[in-house]
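Take a look at the structure below.
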Amino acid sequence: MVKAIIPFILFFSLILSVPVVRAQNVQSQSAKFNWLLRTIDVNYADSVNIKELTEAAMVKLLSELDPHSVYISEKEVDEMNQPLQGSFDGIGISFNILHDTLIVVQTIPGGPSEKVGLMAGDRILSVDDELIAGKGITSQDVFKRLRGEKGTLVKVKILRKGEKELLDFDIIRDKIPIFSLDASYMIDSKTGYIKLSRFSATTTEEFIEALKKLQLNPSFENLILDLRGNGGGFLKSAYEVVDQFLGAGKLVVYTQGIKSERKDYISTNQGLFEKGRLVVLIDVGSASASEIVSGAVQDWDRGVIVGRRSFGKGLVQQPFSYIDGSMIRLTTAHYYTPSGRCIQKPYDDGVEEYQNDYSERYKRGELFSKDSIAVNQSLKYKTLVNHRDVFGGGGVIPDIFIPIDTTTNYKYYNQLVRKNVVYQFVVDYVDSHRKEMMNDYPDFATFKKKFNVSDQMLDALWNEGVKKDIAKDEESINLIDQYARRHVKSLVARDLWNSSEFFEIYNEGEEEILKALSVINNQAEYNAILKGEK
């Protein structure tokens, strides 16, 4: 009997000894690093900042793990969290810096600036009695001066067209929402359109509110969800968005790591759009939470994915905070789509190669042809309803591939955009014509129908480019004429109204949008794609 027990004792002793040995090893290496720091501090020939040295070592150490495990300094923590938390403390304006002057583009509804009467087009010349105009102010300078703790006072002096004197405003900072929903509108008589820019703490609430408003339209049947350029955010928000599309009891996503148990996210019976045709738009900028959504929709054959292969981030990070306010975000698990695929792209060649993936896709021709997409056949999976082939190991591959539009990236117009010529031209134009435009176009519907970007406006735009040493390119101008008119009109709409109006105009000529509408309005084609017949 004793002999029989001994092997079990030895077996369990070995199991128990593994974490002990691991802990001793970590403790030993930690002591070694601490000894190194003390040695440098006491003996190094020149002065050295031990804090900076430690942080540099942490950055390097984490970079050896994977591209998404990172160290974040105390100063960077708050700035990093704001887009995901969904709010910050400030005065509530959208702004642009034009000719070295801070111009109010829009006041956020219900925010502190709107409450005291700031208006679009106002020029902020001084903040707390400090002149800021004509001093090369940057966006970061604006944030430092206008953001601040809720309840604190900021004094600004405003130059407003039509007013002879400067106007003084006392603004009490408050909590300002950061919205993750860029646009929501009926794109045709039966189809709604929603664009999400991120998955933040407020995304679910924003998405559900937008979906309910679309459903108030009695002819609403279908939905286009635009996740292009959406770099992700909270997994929980992604799960809750998918939950609106699936019936109860379906796996949306699961996470698992060597040291973390599997966790399943299962759909509920609370979905608002479980029936009706669905198209999800993605591109190389769609990552993480966006891939959770598009992957789940694809795996359940719930909708058609249109665009280009997504980024390929299938790692889950968990924050660990330090007492000094800094933190690390450490990869603790992988996430998997319902079919079991992890869409994380390889990172064995290092962070630099990983970050250069977009340019490599461009060189391979992947952005122009679906046949150029590198597919790992060993990572083939099946969708859960119609058993179509889908692949892991490198993003979500769309059901319908749309090549990148090289016209909109044409060198000449791209130069005008990069040099801020286009947006500065639009801001100047709206600033000079705001009153008459609001009289001529009292609402967006009138503007959309009647306002046109004239030849004179475009000529003036090209001339502004010449002033920035961008010579006119007549051949390019002919190629981009329609795109330029649409782009400028959409920017004017955004300055007069909001981002939703921008996309309502800009989307009218987008190839991905046109294809999404074509598929969603053709039930036979839509069904054939989901069955893998096309």
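Each chain of the structure tokens is named A, B, ... in the order shown, its residues numbered from 1; ligands are numbered from 1 in display order.
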
(request) Compile the contact shell of Asp128 of chain A as a ChimeraX atom specification: residues with an atom at most 8 Å away, counting only C-alpha atoms, same-chain residues fewer than 3 positions apart removed. (result) /A:154-156

Sorted per-residue table, segment 338-383 of chain A near segment 291-308 of chain A, closest atoms and distance, 7 Å, only C-alpha atoms, as a Markdown table:
```
| residue | atom | partner | partner_atom | distance |
| --- | --- | --- | --- | --- |
| A:Pro338 | CA | A:Ala296 | CA | 6.1 |
| A:Ser339 | CA | A:Asp299 | CA | 6.0 |
| A:Leu367 | CA | A:Arg308 | CA | 7.0 |
| A:Thr383 | CA | A:Asp299 | CA | 4.5 |
```

Write to file, as a short mmCIF file (atom, residue, chain, number, x, y, z; two decimals), in the first residue's frame, the residues of the selection just made, with N, CA and C atoms.
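Output below, filename again_17.cif:
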```cif
data_model
loop_
_atom_site.label_atom_id
_atom_site.label_comp_id
_atom_site.auth_asym_id
_atom_site.auth_seq_id
_atom_site.Cartn_x
_atom_site.Cartn_y
_atom_site.Cartn_z
N PRO A 338 -16.27 32.33 -33.52
CA PRO A 338 -17.11 31.16 -33.20
C PRO A 338 -16.68 29.86 -33.88
N SER A 339 -16.08 29.93 -35.06
CA SER A 339 -15.65 28.71 -35.74
C SER A 339 -14.36 28.15 -35.15
N LEU A 367 -3.86 44.71 -52.07
CA LEU A 367 -4.88 45.75 -51.99
C LEU A 367 -5.61 45.93 -53.32
N THR A 383 -17.64 27.86 -41.75
CA THR A 383 -18.69 28.64 -41.11
C THR A 383 -19.73 27.68 -40.52
#
```

(message) Restricting the calculation to only C-alpha atoms: of A:Tyr362, A:Tyr347, A:Phe425, A:Phe95, which residue gets closest to Thr107 of chain A?
(response)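 Answer, going by the shortest atom-to-atom distance: A:Phe95.
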
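Taking segment 46-132 of chain A and asking which residues DSSP calls strand (DSSP E) on the backbone, you get Val70, Tyr71, Ile72, Ser87, Phe88, Asp89, Gly90, Ile93, Ser94, Phe95, Asn96, Ile97, Leu98, Thr101, Leu102, Ile103, Val104, Val105, Gln106, Thr107, Arg123, Ile124, Leu125, Ser126, Val127, Glu130 and Leu131 of chain A.
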
(request) May I have all residues of segment 115-348 of chain A that DSSP, computed from the backbone, assigns to alpha helix (DSSP H), given as a PyMOL selection string? (result) chain A and resi 115-116+139-146+203-215+235-242+289-299

Take the residues just selected and output them with C-alpha atoms as a short mmCIF file (atom, residue, chain, number, x, y, z; two decimals), in the first residue's frame.
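New file out-v4.cif:
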```cif
data_model
loop_
_atom_site.label_atom_id
_atom_site.label_comp_id
_atom_site.auth_asym_id
_atom_site.auth_seq_id
_atom_site.Cartn_x
_atom_site.Cartn_y
_atom_site.Cartn_z
CA LYS A 115 -24.17 77.01 -23.00
CA VAL A 116 -22.28 80.31 -22.84
CA SER A 139 -3.28 70.88 -31.09
CA GLN A 140 -1.42 69.65 -28.00
CA ASP A 141 -1.12 73.27 -26.79
CA VAL A 142 -4.87 73.66 -27.19
CA PHE A 143 -5.55 70.50 -25.17
CA LYS A 144 -3.26 71.67 -22.36
CA ARG A 145 -5.02 75.03 -22.11
CA LEU A 146 -8.66 74.11 -22.65
CA THR A 203 -20.50 52.27 -28.06
CA THR A 204 -23.30 49.87 -27.14
CA GLU A 205 -25.57 52.67 -25.95
CA GLU A 206 -24.81 54.78 -29.05
CA PHE A 207 -25.28 51.86 -31.43
CA ILE A 208 -28.60 50.74 -29.94
CA GLU A 209 -29.93 54.31 -29.93
CA ALA A 210 -28.97 54.74 -33.61
CA LEU A 211 -30.47 51.36 -34.57
CA LYS A 212 -33.75 52.17 -32.81
CA LYS A 213 -33.99 55.49 -34.66
CA LEU A 214 -33.44 53.75 -37.99
CA GLN A 215 -36.13 51.23 -37.11
CA LEU A 235 -14.15 43.39 -26.35
CA LYS A 236 -17.34 43.75 -24.29
CA SER A 237 -18.66 46.46 -26.62
CA ALA A 238 -17.89 44.34 -29.68
CA TYR A 239 -19.76 41.40 -28.14
CA GLU A 240 -22.77 43.60 -27.34
CA VAL A 241 -22.92 44.91 -30.91
CA VAL A 242 -22.84 41.37 -32.34
CA ALA A 289 -12.91 44.43 -31.73
CA SER A 290 -13.85 45.17 -35.35
CA GLU A 291 -12.57 41.72 -36.26
CA ILE A 292 -14.57 40.16 -33.43
CA VAL A 293 -17.72 41.65 -34.97
CA SER A 294 -16.92 40.84 -38.60
CA GLY A 295 -15.59 37.38 -37.68
CA ALA A 296 -18.74 36.45 -35.75
CA VAL A 297 -21.04 37.77 -38.48
CA GLN A 298 -19.10 35.76 -41.07
CA ASP A 299 -18.84 32.57 -39.01
#
```

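Atom CA of Phe179 of chain A is found 26.5 Å from atom CA of Asn269 of chain A.
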
(request) May I have the residues within 12 Å of segment 466-468 of chain A as a list in words, using only C-alpha atoms and disregarding those fewer than 2 positions away in the same chain? (result) Tyr412, Gln415, Leu416, Val417, Arg418, Lys419, Asn420, Val421, Val422, Gln424, Phe425, Asp459, Ala460, Leu461, Trp462, Asn463, Glu464, Ile470, Ala471, Lys472 and Asp473 of chain A

Serialized selection, N, CA and C atoms, as a PDB file, in the first residue's frame:
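Final file, result.pdb:
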```
ATOM      1  N   TYR A 412      -1.415  64.067 -56.775  1.00  0.00           N
ATOM      2  CA  TYR A 412      -1.661  65.512 -56.728  1.00  0.00           C
ATOM      3  C   TYR A 412      -2.654  65.877 -55.629  1.00  0.00           C
ATOM      4  N   GLN A 415      -1.412  65.268 -52.146  1.00  0.00           N
ATOM      5  CA  GLN A 415      -0.531  66.345 -51.671  1.00  0.00           C
ATOM      6  C   GLN A 415      -1.339  67.491 -51.068  1.00  0.00           C
ATOM      7  N   LEU A 416      -2.405  67.856 -51.746  1.00  0.00           N
ATOM      8  CA  LEU A 416      -3.251  68.947 -51.253  1.00  0.00           C
ATOM      9  C   LEU A 416      -3.857  68.618 -49.891  1.00  0.00           C
ATOM     10  N   VAL A 417      -4.235  67.348 -49.722  1.00  0.00           N
ATOM     11  CA  VAL A 417      -4.804  66.925 -48.444  1.00  0.00           C
ATOM     12  C   VAL A 417      -3.731  66.916 -47.359  1.00  0.00           C
ATOM     13  N   ARG A 418      -2.555  66.325 -47.674  1.00  0.00           N
ATOM     14  CA  ARG A 418      -1.480  66.210 -46.687  1.00  0.00           C
ATOM     15  C   ARG A 418      -0.963  67.569 -46.233  1.00  0.00           C
ATOM     16  N   LYS A 419      -0.942  68.513 -47.137  1.00  0.00           N
ATOM     17  CA  LYS A 419      -0.449  69.857 -46.808  1.00  0.00           C
ATOM     18  C   LYS A 419      -1.536  70.732 -46.191  1.00  0.00           C
ATOM     19  N   ASN A 420      -2.691  70.132 -45.897  1.00  0.00           N
ATOM     20  CA  ASN A 420      -3.820  70.800 -45.244  1.00  0.00           C
ATOM     21  C   ASN A 420      -4.419  71.913 -46.103  1.00  0.00           C
ATOM     22  N   VAL A 421      -4.163  71.856 -47.410  1.00  0.00           N
ATOM     23  CA  VAL A 421      -4.709  72.876 -48.312  1.00  0.00           C
ATOM     24  C   VAL A 421      -6.226  72.721 -48.423  1.00  0.00           C
ATOM     25  N   VAL A 422      -6.702  71.488 -48.582  1.00  0.00           N
ATOM     26  CA  VAL A 422      -8.126  71.256 -48.817  1.00  0.00           C
ATOM     27  C   VAL A 422      -8.953  71.709 -47.620  1.00  0.00           C
ATOM     28  N   GLN A 424      -8.144  73.661 -45.052  1.00  0.00           N
ATOM     29  CA  GLN A 424      -8.039  75.098 -44.786  1.00  0.00           C
ATOM     30  C   GLN A 424      -8.881  75.897 -45.769  1.00  0.00           C
ATOM     31  N   PHE A 425      -8.906  75.447 -47.020  1.00  0.00           N
ATOM     32  CA  PHE A 425      -9.741  76.117 -48.020  1.00  0.00           C
ATOM     33  C   PHE A 425     -11.208  76.047 -47.623  1.00  0.00           C
ATOM     34  N   ASP A 459     -11.207  75.978 -58.829  1.00  0.00           N
ATOM     35  CA  ASP A 459     -10.084  76.788 -59.312  1.00  0.00           C
ATOM     36  C   ASP A 459      -9.390  77.484 -58.148  1.00  0.00           C
ATOM     37  N   ALA A 460     -10.195  77.994 -57.220  1.00  0.00           N
ATOM     38  CA  ALA A 460      -9.624  78.659 -56.041  1.00  0.00           C
ATOM     39  C   ALA A 460      -8.833  77.665 -55.192  1.00  0.00           C
ATOM     40  N   LEU A 461      -9.340  76.423 -55.102  1.00  0.00           N
ATOM     41  CA  LEU A 461      -8.628  75.392 -54.350  1.00  0.00           C
ATOM     42  C   LEU A 461      -7.282  75.076 -54.992  1.00  0.00           C
ATOM     43  N   TRP A 462      -7.277  74.882 -56.314  1.00  0.00           N
ATOM     44  CA  TRP A 462      -6.007  74.589 -56.983  1.00  0.00           C
ATOM     45  C   TRP A 462      -5.019  75.746 -56.789  1.00  0.00           C
ATOM     46  N   ASN A 463      -5.537  76.973 -56.806  1.00  0.00           N
ATOM     47  CA  ASN A 463      -4.653  78.136 -56.618  1.00  0.00           C
ATOM     48  C   ASN A 463      -4.082  78.200 -55.207  1.00  0.00           C
ATOM     49  N   GLU A 464      -4.874  77.750 -54.243  1.00  0.00           N
ATOM     50  CA  GLU A 464      -4.345  77.680 -52.872  1.00  0.00           C
ATOM     51  C   GLU A 464      -3.197  76.681 -52.806  1.00  0.00           C
ATOM     52  N   ILE A 470       2.512  73.627 -54.583  1.00  0.00           N
ATOM     53  CA  ILE A 470       1.983  72.425 -55.238  1.00  0.00           C
ATOM     54  C   ILE A 470       1.465  72.859 -56.603  1.00  0.00           C
ATOM     55  N   ALA A 471       2.234  72.598 -57.626  1.00  0.00           N
ATOM     56  CA  ALA A 471       1.889  73.039 -58.972  1.00  0.00           C
ATOM     57  C   ALA A 471       0.637  72.334 -59.475  1.00  0.00           C
ATOM     58  N   LYS A 472      -0.158  73.071 -60.263  1.00  0.00           N
ATOM     59  CA  LYS A 472      -1.357  72.466 -60.848  1.00  0.00           C
ATOM     60  C   LYS A 472      -0.977  71.300 -61.749  1.00  0.00           C
ATOM     61  N   ASP A 473      -1.770  70.241 -61.667  1.00  0.00           N
ATOM     62  CA  ASP A 473      -1.574  69.064 -62.521  1.00  0.00           C
ATOM     63  C   ASP A 473      -2.888  68.835 -63.264  1.00  0.00           C
TER      64      ASP A 473
END
```

At a cut-off of 9 Å, can you tabulate as JSON lines every residue of segment 63-120 of chain A near segment 310-327 of chain A together with its closest atom pair and the distance in Å to one decimal, using only C-alpha atoms and ordering rows by chain then number?
```
{"residue": "A:His68", "atom": "CA", "partner": "A:Gln317", "partner_atom": "CA", "distance": 7.5}
{"residue": "A:Ser69", "atom": "CA", "partner": "A:Gln317", "partner_atom": "CA", "distance": 7.1}
{"residue": "A:Val70", "atom": "CA", "partner": "A:Met327", "partner_atom": "CA", "distance": 8.6}
{"residue": "A:Tyr71", "atom": "CA", "partner": "A:Met327", "partner_atom": "CA", "distance": 6.1}
{"residue": "A:Ile72", "atom": "CA", "partner": "A:Met327", "partner_atom": "CA", "distance": 5.4}
{"residue": "A:Ser73", "atom": "CA", "partner": "A:Ser326", "partner_atom": "CA", "distance": 4.6}
{"residue": "A:Glu74", "atom": "CA", "partner": "A:Ser326", "partner_atom": "CA", "distance": 4.1}
{"residue": "A:Lys75", "atom": "CA", "partner": "A:Ser326", "partner_atom": "CA", "distance": 7.7}
{"residue": "A:Glu76", "atom": "CA", "partner": "A:Ser326", "partner_atom": "CA", "distance": 8.0}
{"residue": "A:Val77", "atom": "CA", "partner": "A:Ser326", "partner_atom": "CA", "distance": 6.6}
```

(message) Can you tell me which residues surround Gly121 of chain A at a distance of at most 9 Å, considering only C-alpha atoms, apart from same-chain residues fewer than 5 positions away, and format the answer as a count of residues only?
(response) 10

At a cut-off of 10 Å, can you tabulate as CSV every residue of segment 450-515 of chain A near segment 190-199 of chain A together with its closest atom pair and the distance in Å to one decimal, using only C-alpha atoms and ordering rows by chain then number?
```
residue,atom,partner,partner_atom,distance
A:Ser500,CA,A:Lys195,CA,8.7
A:Phe503,CA,A:Lys195,CA,8.8
A:Glu504,CA,A:Tyr193,CA,9.1
A:Ile513,CA,A:Tyr193,CA,9.6
```

(request) Have a look at A:Gly151, A:Asp182, A:Leu125, A:Tyr354 and name the one nearest to Leu166 of chain A; count only C-alpha atoms. (result) A:Leu125
